[in-house]
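A.B. asks: I have a structure I would like to understand better, so I am pasting it below and will then ask my questions one at a time.
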Amino acid sequence: MTRPRAVPKDAHLPLVGHREIEAGKIELARAIFAVGEEEGRAAIEVLEKLKQLDLIDEPVPYLAVREDILEGGSLRRVIVVRQNLAVRRVEQSTELDAGDLTTEDLEDREKCPPAAAKALTKYAEERHFRQQVLKAPGDIRLSTILTMYVERLDPSNVSPEAKELREYEARLEGEKSPWASFANANNCATHLIEWLEDTTVGQMTKNIGQDYMDDMRLTAKKRGGKDAQGRTIALYQDLTILGHLSIFNVALAWFVREFRPAVRIEYDRPVAKTADKICLTWEEVRRAIMFCLGYIWDGTQFVTERVFVDGEWREVLARRPFEEYERYIPLIRFLIVYFLTGTRFKQILKLGWAPLNFRGWISLDHGWIYRNGRKSKRHARKPREASQLLPVLRDLFASWFADDERMRVANNWTQRPPHRRRGKRNSEDVDEAGFFVVHDGSGNPVPLSRVQDLITEVFAAVGIEATGHKLKHGGVTIYHEAGFALAQISFFFGTTERVLDEAYRNLKNAESTFGIRPAPPDPATITLPQLLDPHSRLDAPAVAEIVGTISAAMAELAATL
C-alpha cells in the first residue's frame, strides 16, 4: 500500500520562470546602483529605491532617539542609527545627546544635527556597499576596494587610544610601525589606482598582475634621475612592482574576508626577472677602501710614483693630498662592517660601543654584535638578530675602539645633542647618547644621506657597478668560499637560514657538490687573509696591511679637527 504524499512531488522545484525573474531583479538592482553612482545619489536614496522595488530584504536605516539609564538612575536621551533587521535590531550610537528631539524630528533635515546626519550617511554607505557586493559584485571597481582598505589603515581614522593600542600590538608582534605600514600601503595603492582606473571586479583577468608589471617596467619614476635633456630615466624595478601587487593582494583578501562576494577573485602572480646575484668581491671592497685612503685609481690599477727614501729611490703608491680624501675616511669602517657582518645600512650608522636602548652596539667583552637596541622594535620579516663575531673581527673592532678612546682623550671629544625629528614624540626617534662606531672623526654620527652619496661617488670612481646593498651578498660569498656552511653564515650575519637558502640557492647547491668547497675553517683561529682571500689570489698590499691602515687614517682625520 502506497502512502499518499504530504506535499506535491515537485514542490522543491522553482516555479516556471523563477530563474528569469531573479535574473531580472539582479539586472534591475545593477542598473539602480549604476544610475545612483552616475548621478551622485546618496547611499540612503539608493537603498530606499531598492527597498521600494523589493530588491533587498532589509529595511532602510534611519535616525532614532534611544533612552539610556545611566549609573545613579539618571536618564540620557541619545541619537542612534537604527536598522530593524529581520533577526535583530541594529543600533549604532552617535554619542550625541538628543535633548528635546524626537525620532520624528530627526526626519526633518532642518532639525537633524549635522553630526547625526553624517553618522547615518556613513552607515548607509556601508550597507549600500554590502548590498552591491550581494547583487552586483562584478560591478565594483578595484580602485574602490583599494581605497577602502587603505582608509582602514589611516591613523587619522582611529582614536588616540586605538593608535596607542595598534602601536603596542605591532611592537609585540615584531612588525613595523602601523604608521609606516599606512604610508607604504598608501603609496602602493596610489600607483595601482592610477593604473586600474575604472576596472571592475568583473573585468579582472588572470593576467592583470602581469599586465601591471609590463606597463610599470616602462614607467619612469616621478622622482627618478634625469638625462641631459631633463627627462626622467629611472624606471620601476620588478621588486618594487611586486611590492605594489602585494598590497593589491592584501586588499583583495581583506575584501573577500569582510564582504564574502559570490565571485572568484584571483589572478596569476607575475614573476620578477631573475639574474645571478651581483656580489662584491673583497678585491673590489679593498679597491674602494684604498681610494678612501687617498690612493689614486687610474681605471686599471693604483698609480705609483718614485720617491727618495733613506738614500735610495723607491716605487710607492701615490696618494692625493689629505684634504682631498678626508671626507671619505668615515666610509672605511662602514664598508668593512657591512661586508664582514652583513649588518644593514641604517643599523651600521647607529652602532655604538656600549649597551643602548634604541640603537645597536658592538660588545667587545662578549664578542657579539647587537643590531637592535634593547627596546628597539623587532621586525618580523627582517629581525636583524644579534650574532657572535669571529674572534679576528672582535680583535679588529677592539683596535678601532682603542683608537677612538685615544682620540677622544687627546682631542677632548664632545657629543652633539641628540637629534629629535620634527613631529616625532616617541623615544624610539631620539638618538641616545654614546659615541658611534662609524663616526665623523669626533665620535658623532655620519648622516645617512652623506654615506649614500659617498658610496655612489667612491664606487663610480673605482669602477664598481653595484650598490652598497651588494656588500652583504659579497660578504656571504667570501664566508662561503672560506669554507663556512650557510647555517654558520646565517648566524654570523644575523639572518635566518631560510632567507639565505632562498637568496643564495647557488651556494646551497654548491654545499652538496663534491670538490667545490674547502674544508670548514676553525672560527677561533681563522685570520683575516684566510677569510678574505682563502685562495691567496690577491697581490700586495696584503689584506691585513690594508685593514691596518684604517687606524692611521682615523687618527689623521682626528688630528685635523
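All residue names refer to the C-alpha cells as shown: chains lettered A, B, ... in order, residues numbered from 1 in each chain, ligands numbered from 1 in order.
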With a distance cut-off of 10 Å and only C-alpha atoms, select the neighbouring residues of segment 443-447 of chain A, excluding the residue or stretch itself and same-chain residues fewer than 3 positions from it, and output the selection as a ChimeraX atom specification.
C.D. replies: /A:330-331,346,349-352,404-405,407-408,413-417,431,433-440,450-452,558
A.B. asks: Find, counting only C-alpha atoms, the residue in A:Tyr149, A:Ala519, A:Ala410, A:Ala466 that gets nearest to Val285 of chain A.
C.D. replies: A:Ala466
A.B. asks: Quick one: distance from atom CA of Ala42 of chain A to atom CA of Lys122 of chain A in Å, one decimal?
C.D. replies: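 Rounded to one decimal, the two atoms are 10.3 Å apart.
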A.B. asks: Got a sec to tell me which of segment 56-140 of chain A DSSP assigns to helix (DSSP H, G or I), as a PyMOL selection string?
C.D. replies: chain A and resi 105-107+114-135+137-139
A.B. asks: Find the residue from A:Gln347, A:Ser159, A:Gln388, A:Asn357 that sits nearest to Ser376 of chain A; use only C-alpha atoms when measuring.
C.D. replies: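 Looking only at the distances to Ser376 of chain A, the closest residue turns out to be A:Asn357.
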A.B. asks: Pick out the residues sitting within 12 Å of Arg264 of chain A, and hand them over as a list in words; count only C-alpha atoms, and ignore anything fewer than 4 positions along from it in its own chain.
C.D. replies: Pro137, Gly138, Val201, Gly202, Gln203, Met204, Thr205, Lys206, Leu252, Ala253, Phe255, Val256 and Arg260 of chain A
